[in-house]
Amino acid sequence: MTATIRKHNNNADSAAPLCRTRIMLAIAALLLLLPVGCSKNSGKNLLPLTLLWTDGAPDQGYRQAMREFVQGISSYARVSKPSFIVIPQNGIELITDTGDTAGAPVTAYLDAISGVGQEDLYYGYNADNTATPSGTTAYLKGFLDIAKTYDKKVLAIDYCSTPSYMDDSYSKNNASGYISFAADRRDLDNIPAYPADPYHVNASNMPSLSIAQNFLYLINPSAYDTRAHFLGAIQDTNYDVVLIDLFFNDGSPLSSADVDSLKTKKNGGSRLVICYMSIGEAENYRYYWQPGWFPGTPPWLGAQNPGWPGNYKVRYWDPAWQAIIYGNDSSYLKKIMDAGFDGVYLDIIDAFDYWENRW
């Protein structure tokens with residue numbers, strides 16, 4: 001029961017051509033002509049008619065709905081822990097009202113977050129260990145630099161394994177004022193052997209994200225045979241921040257003692273421990289998944305992501321899905337907080353792109 005690792009891909013959910021829209025309208029029109037009575041072939045494998053041709057779009061729009069979701073998560077956590085860290089990954093366009101760098105920064109959203117995470121900034125956008133096109137880098141940096149002007153920490157993740165590329169990634173991100181992690185495996189299931197020490201290694205205490213100089217992104221513990229092995233491997237490092245999953249391989253959550261054991265670097269300085277949580281897709285290996293769930297049942301559950309079996313699109317604006325994520329004592333976020341994490345790292349923030357371009 002480990003976190004499924006994602007690859008951000010602007011092309012994966014791109015808008016369909018006009019002919020597809022016409023086909024769907026024709027199908028919808030045909031369905032309206034069908035008998036509405038029950039038949040012996042009716043059953044749970046048939047989606048409700050409305051799900052075939054409407055997404056039940058949020059009144060405030062897909063982007064604002066995601067902003068409000070993140071803001072709600074932040075507000076809930078900070079009632080009991082004002083310093084709680086919230087970092088959305090990807091979906092960087094949400095920081096402006098128009099979704100481009102000329103737009104006005106959305107201050108309510110920026111106030112709710114502590115930093116932003118961005119994958120594939122310099123390496124990995126089209127293929128691992130391959131430089132990201134310069135135009136894509138420039139596009140993303142335009143937004144990341146806006147976030148930085150609002151004192152939001154930028155965490156960049158590049159996917160590259162050649163040492164010279166890893167050096168280049170760290171150097172370029174540092175020059176941009178970002179902290180970064182050069183992941184030599186997209187599975188994010190290891191601590192890279194190179195470089196031997198974290199970039200800008202230090203023995204300073206980390207009372208806040210703002211002074212962190214490096215981080216480790218290790219959310220898939222499947223390569224570790226025991227919990228003690230996994231925890232020990234992290235304890236033996238000097239990263240300022242570690243991003244991990246709440247759950248170990250057997251599906252059991254890390255305890256508060258486990259998390260606390262990671263809050264000291266090998267060199268003695270304190271560090272921050274932040275938990276990964278996907279909020280834009282449901283994962284069928286998580287504790288909340290119920291037998292009998294399939295797209296359309298419950299109503300907020302969408303199609304399976306063809307690139308990541310076991311991961312399902314969600315209507316993230318639906319109160320029932322949001323109640324699974326935060327706002328009550330049985331929620332995912334409350335489990336993370338009870339385990340003593342310093343913050344949360346939110347994935348699939350760019351789910352708005354899927355829903356905007358669904359048909």
# chains A, B, ... in the order shown; residues from 1 in each chain; ligands from 1
>>> select_by_dssp(residues="region 38-228 of chain A", states="strand (DSSP E)", output="list in words")
Ile85, Val86, Ile87, Pro88, Gly115, Val116, Gly117, Gln118, Glu119, Lys153, Val154, Leu155, Ala156, Ile157, Asp158, Tyr159, Ile179, Ser180, Phe181, Ala182, Ala183, Phe215, Leu216 and Tyr217 of chain A
>>> residues_around(residues="Ile349 (chain A)", least_positions_apart="2", cutoff="6 Å", atoms="only C-alpha atoms", output="mmCIF file with C-alpha atoms, in the first residue's frame")
data_model
loop_
_atom_site.group_PDB
_atom_site.id
_atom_site.type_symbol
_atom_site.label_atom_id
_atom_site.label_comp_id
_atom_site.auth_asym_id
_atom_site.auth_seq_id
_atom_site.Cartn_x
_atom_site.Cartn_y
_atom_site.Cartn_z
ATOM 1 C CA GLY A 91 -0.895 22.938 -11.193
ATOM 2 C CA GLY A 280 -7.068 14.929 -7.210
ATOM 3 C CA ASP A 347 -0.513 15.769 -5.393
ATOM 4 C CA ALA A 351 -6.677 17.633 -11.900
#
>>> residues_around(residues="region 318-332 of chain A", least_positions_apart="3", cutoff="7 Å", atoms="only C-alpha atoms", output="list of chain:residue names")
A:Ile73, A:Tyr76, A:Trp300, A:Arg315, A:Lys335, A:Ile336
>>> write_last_selection(atoms="C-alpha atoms", output="PDB file, in the first residue's frame")
ATOM      1  CA  ILE A  73      -7.213  21.811   3.823  1.00  0.00           C
ATOM      2  CA  TYR A  76      -8.512  23.019   8.850  1.00  0.00           C
ATOM      3  CA  TRP A 300     -17.830  11.633  -7.249  1.00  0.00           C
ATOM      4  CA  ARG A 315     -14.867  15.202  -8.722  1.00  0.00           C
ATOM      5  CA  LYS A 335      -4.443  10.860  10.411  1.00  0.00           C
ATOM      6  CA  ILE A 336      -1.430  12.710   9.010  1.00  0.00           C
TER       7      ILE A 336
END
>>> closest_residue(among="A:Ser180, A:Thr264, A:Gln235, A:Gln71", to="Asn205 (chain A)", atoms="only C-alpha atoms")
A:Thr264
>>> residues_around(residues="region 152-169 of chain A", least_positions_apart="5", cutoff="7 Å", atoms="only C-alpha atoms", output="short mmCIF file (atom, residue, chain, number, x, y, z; two decimals) with N, CA and C atoms, in the first residue's frame")
data_model
loop_
_atom_site.label_atom_id
_atom_site.label_comp_id
_atom_site.auth_asym_id
_atom_site.auth_seq_id
_atom_site.Cartn_x
_atom_site.Cartn_y
_atom_site.Cartn_z
N SER A 114 2.48 27.12 1.79
CA SER A 114 3.81 27.46 2.31
C SER A 114 4.86 27.45 1.21
N GLY A 115 4.57 26.72 0.16
CA GLY A 115 5.51 26.58 -0.95
C GLY A 115 4.79 25.92 -2.10
N VAL A 116 5.54 25.67 -3.17
CA VAL A 116 5.00 24.97 -4.33
C VAL A 116 6.00 23.92 -4.77
N GLY A 117 5.48 22.79 -5.24
CA GLY A 117 6.33 21.75 -5.79
C GLY A 117 6.16 21.69 -7.30
N GLN A 118 7.26 21.48 -8.01
CA GLN A 118 7.17 21.42 -9.47
C GLN A 118 8.06 20.29 -9.99
N GLU A 119 7.46 19.36 -10.69
CA GLU A 119 8.21 18.28 -11.32
C GLU A 119 8.73 18.69 -12.69
N ASP A 120 9.84 18.04 -13.09
CA ASP A 120 10.34 18.09 -14.47
C ASP A 120 10.75 19.47 -14.94
N LEU A 121 11.19 20.32 -14.04
CA LEU A 121 11.50 21.69 -14.42
C LEU A 121 12.66 21.77 -15.41
N TYR A 122 13.73 21.07 -15.12
CA TYR A 122 14.89 21.08 -16.02
C TYR A 122 15.15 19.73 -16.68
N TYR A 123 14.68 18.66 -16.05
CA TYR A 123 14.87 17.31 -16.62
C TYR A 123 13.64 16.46 -16.36
N GLY A 124 13.22 15.71 -17.40
CA GLY A 124 12.19 14.71 -17.23
C GLY A 124 10.83 15.01 -17.80
N ASP A 128 12.59 10.72 -18.89
CA ASP A 128 13.56 10.77 -17.80
C ASP A 128 14.98 10.86 -18.35
N ASN A 129 15.82 11.56 -17.61
CA ASN A 129 17.23 11.76 -17.98
C ASN A 129 17.39 12.52 -19.29
N LEU A 144 6.61 30.04 -11.10
CA LEU A 144 7.37 29.76 -9.88
C LEU A 144 8.00 31.02 -9.30
N ALA A 147 5.45 32.92 -7.36
CA ALA A 147 5.30 32.31 -6.03
C ALA A 147 6.45 32.73 -5.12
N TYR A 178 15.65 28.15 -6.07
CA TYR A 178 14.80 27.04 -5.66
C TYR A 178 15.64 25.99 -4.93
N ILE A 179 15.00 25.19 -4.08
CA ILE A 179 15.66 23.99 -3.59
C ILE A 179 15.18 22.83 -4.45
N SER A 180 16.01 21.82 -4.61
CA SER A 180 15.67 20.80 -5.59
C SER A 180 16.11 19.41 -5.17
N PHE A 181 15.55 18.44 -5.86
CA PHE A 181 15.90 17.04 -5.68
C PHE A 181 16.03 16.40 -7.04
N ALA A 182 17.21 15.87 -7.35
CA ALA A 182 17.42 15.16 -8.60
C ALA A 182 17.15 13.68 -8.35
N ALA A 183 15.98 13.22 -8.77
CA ALA A 183 15.57 11.84 -8.54
C ALA A 183 16.10 10.95 -9.65
N ASP A 184 16.88 9.95 -9.28
CA ASP A 184 17.42 9.07 -10.32
C ASP A 184 16.45 7.95 -10.68
N ARG A 185 15.32 7.90 -9.99
CA ARG A 185 14.25 6.94 -10.33
C ARG A 185 12.90 7.64 -10.15
N ARG A 186 12.07 7.56 -11.18
CA ARG A 186 10.75 8.20 -11.07
C ARG A 186 9.86 7.48 -10.07
N TYR A 194 24.12 9.30 -5.53
CA TYR A 194 24.82 10.50 -5.99
C TYR A 194 23.87 11.69 -5.89
N SER A 210 11.11 27.86 5.15
CA SER A 210 11.74 28.99 4.46
C SER A 210 13.26 28.91 4.45
#
>>> closest_residue(among="A:Asp197, A:Pro309, A:Asp342, A:Val314", to="Gly296 (chain A)", atoms="only C-alpha atoms")
A:Val314
>>> select_by_dssp(residues="region 94-168 of chain A", states="helix (DSSP H, G or I)", output="PDB file with C-alpha atoms, in the first residue's frame")
ATOM      1  CA  LEU A  94      -3.555  28.327  -9.952  1.00  0.00           C
ATOM      2  CA  ILE A  95      -1.489  31.113  -8.421  1.00  0.00           C
ATOM      3  CA  THR A 107      -3.691  36.033  -2.592  1.00  0.00           C
ATOM      4  CA  ALA A 108      -6.184  33.804  -0.758  1.00  0.00           C
ATOM      5  CA  TYR A 109      -4.586  30.769  -2.379  1.00  0.00           C
ATOM      6  CA  LEU A 110      -1.037  32.003  -1.839  1.00  0.00           C
ATOM      7  CA  ASP A 111      -1.779  32.747   1.808  1.00  0.00           C
ATOM      8  CA  ALA A 112      -2.975  29.159   2.259  1.00  0.00           C
ATOM      9  CA  SER A 134      13.630  25.370 -22.731  1.00  0.00           C
ATOM     10  CA  GLY A 135      10.236  26.846 -23.575  1.00  0.00           C
ATOM     11  CA  THR A 136       8.539  24.599 -21.017  1.00  0.00           C
ATOM     12  CA  THR A 137      11.102  25.515 -18.382  1.00  0.00           C
ATOM     13  CA  ALA A 138      10.602  29.212 -19.082  1.00  0.00           C
ATOM     14  CA  TYR A 139       6.815  28.833 -18.908  1.00  0.00           C
ATOM     15  CA  LEU A 140       6.950  27.084 -15.513  1.00  0.00           C
ATOM     16  CA  LYS A 141       9.570  29.445 -14.111  1.00  0.00           C
ATOM     17  CA  GLY A 142       7.338  32.396 -14.886  1.00  0.00           C
ATOM     18  CA  PHE A 143       4.816  31.093 -12.352  1.00  0.00           C
ATOM     19  CA  LEU A 144       7.374  29.755  -9.880  1.00  0.00           C
ATOM     20  CA  ASP A 145       9.044  33.141  -9.694  1.00  0.00           C
ATOM     21  CA  ILE A 146       5.715  34.779  -8.894  1.00  0.00           C
ATOM     22  CA  ALA A 147       5.302  32.312  -6.030  1.00  0.00           C
ATOM     23  CA  LYS A 148       8.815  33.120  -4.856  1.00  0.00           C
ATOM     24  CA  THR A 149       8.032  36.856  -4.741  1.00  0.00           C
ATOM     25  CA  PRO A 163      25.731  12.581 -12.543  1.00  0.00           C
ATOM     26  CA  SER A 164      26.501  15.499 -14.838  1.00  0.00           C
ATOM     27  CA  TYR A 165      22.778  16.046 -15.419  1.00  0.00           C
ATOM     28  CA  MET A 166      22.101  15.845 -11.689  1.00  0.00           C
ATOM     29  CA  ASP A 167      24.833  18.418 -11.065  1.00  0.00           C
ATOM     30  CA  ASP A 168      23.313  20.633 -13.735  1.00  0.00           C
TER      31      ASP A 168
END
>>> atom_distance(atom1="CA of Gln213 (chain A)", atom2="CA of Tyr125 (chain A)")
23.5 Å
>>> residues_around(residues="Ser255 (chain A)", least_positions_apart="3", cutoff="9 Å", atoms="only C-alpha atoms", output="PyMOL selection string")
chain A and resi 246+252+258-260+338-340
>>> write_last_selection(atoms="C-alpha atoms", output="PDB file, in the first residue's frame")
ATOM      1  CA  LEU A 246       1.911   7.993   5.731  1.00  0.00           C
ATOM      2  CA  SER A 252      -0.189   0.281   8.292  1.00  0.00           C
ATOM      3  CA  ASP A 258       8.204   6.678  13.736  1.00  0.00           C
ATOM      4  CA  VAL A 259       7.730  10.191  12.391  1.00  0.00           C
ATOM      5  CA  ASP A 260       9.448  11.777  15.380  1.00  0.00           C
ATOM      6  CA  ASP A 338      -2.072  12.803  14.465  1.00  0.00           C
ATOM      7  CA  ALA A 339       1.104  11.060  13.262  1.00  0.00           C
ATOM      8  CA  GLY A 340       3.043  14.259  13.937  1.00  0.00           C
TER       9      GLY A 340
END
>>> residues_around(residues="Asn249 (chain A)", least_positions_apart="5", cutoff="12 Å", atoms="only C-alpha atoms", output="ChimeraX atom specification")
/A:1-3,189,219-230,254,285-286
>>> write_last_selection(atoms="C-alpha atoms", output="PDB file, in the first residue's frame")
ATOM      1  CA  MET A   1       0.000   0.000   0.000  1.00  0.00           C
ATOM      2  CA  THR A   2       2.389   2.615  -1.254  1.00  0.00           C
ATOM      3  CA  ALA A   3       1.928   5.893  -3.042  1.00  0.00           C
ATOM      4  CA  ASP A 189      11.679   4.507  -4.041  1.00  0.00           C
ATOM      5  CA  ILE A 219       7.252   8.265  -1.043  1.00  0.00           C
ATOM      6  CA  ASN A 220       7.497   4.646  -2.194  1.00  0.00           C
ATOM      7  CA  PRO A 221       9.034   2.393   0.507  1.00  0.00           C
ATOM      8  CA  SER A 222       8.619  -0.832  -1.490  1.00  0.00           C
ATOM      9  CA  ALA A 223      12.385  -1.360  -1.796  1.00  0.00           C
ATOM     10  CA  TYR A 224      12.704  -1.603   1.992  1.00  0.00           C
ATOM     11  CA  ASP A 225      11.928  -4.984   3.525  1.00  0.00           C
ATOM     12  CA  THR A 226      11.138  -3.725   7.003  1.00  0.00           C
ATOM     13  CA  ARG A 227       9.854  -0.552   8.570  1.00  0.00           C
ATOM     14  CA  ALA A 228      13.054  -0.323  10.652  1.00  0.00           C
ATOM     15  CA  HIS A 229      15.143  -0.542   7.479  1.00  0.00           C
ATOM     16  CA  PHE A 230      13.132   2.225   5.857  1.00  0.00           C
ATOM     17  CA  LEU A 254       3.630   5.286  10.491  1.00  0.00           C
ATOM     18  CA  TYR A 285      -4.921   0.744  -2.294  1.00  0.00           C
ATOM     19  CA  ARG A 286      -5.752   3.347   0.356  1.00  0.00           C
TER      20      ARG A 286
END
>>> closest_residue(among="A:Phe215, A:Ser256, A:Tyr316, A:Ile92", to="Trp355 (chain A)", atoms="only C-alpha atoms")
A:Tyr316
>>> atom_distance(atom1="CA of Leu272 (chain A)", atom2="CA of Ala203 (chain A)")
13.1 Å
>>> atom_distance(atom1="CA of Val242 (chain A)", atom2="CA of Glu93 (chain A)")
25.2 Å
>>> closest_residue(among="A:Tyr239, A:Phe247, A:Trp308, A:Tyr170", to="Asn202 (chain A)", atoms="only C-alpha atoms")
A:Tyr239
>>> residues_around(residues="Ile85 (chain A)", least_positions_apart="4", cutoff="10 Å", atoms="only C-alpha atoms", output="number ranges by chain")
A: 74, 77-78, 81, 112-115, 208-209, 272-275, 341-345
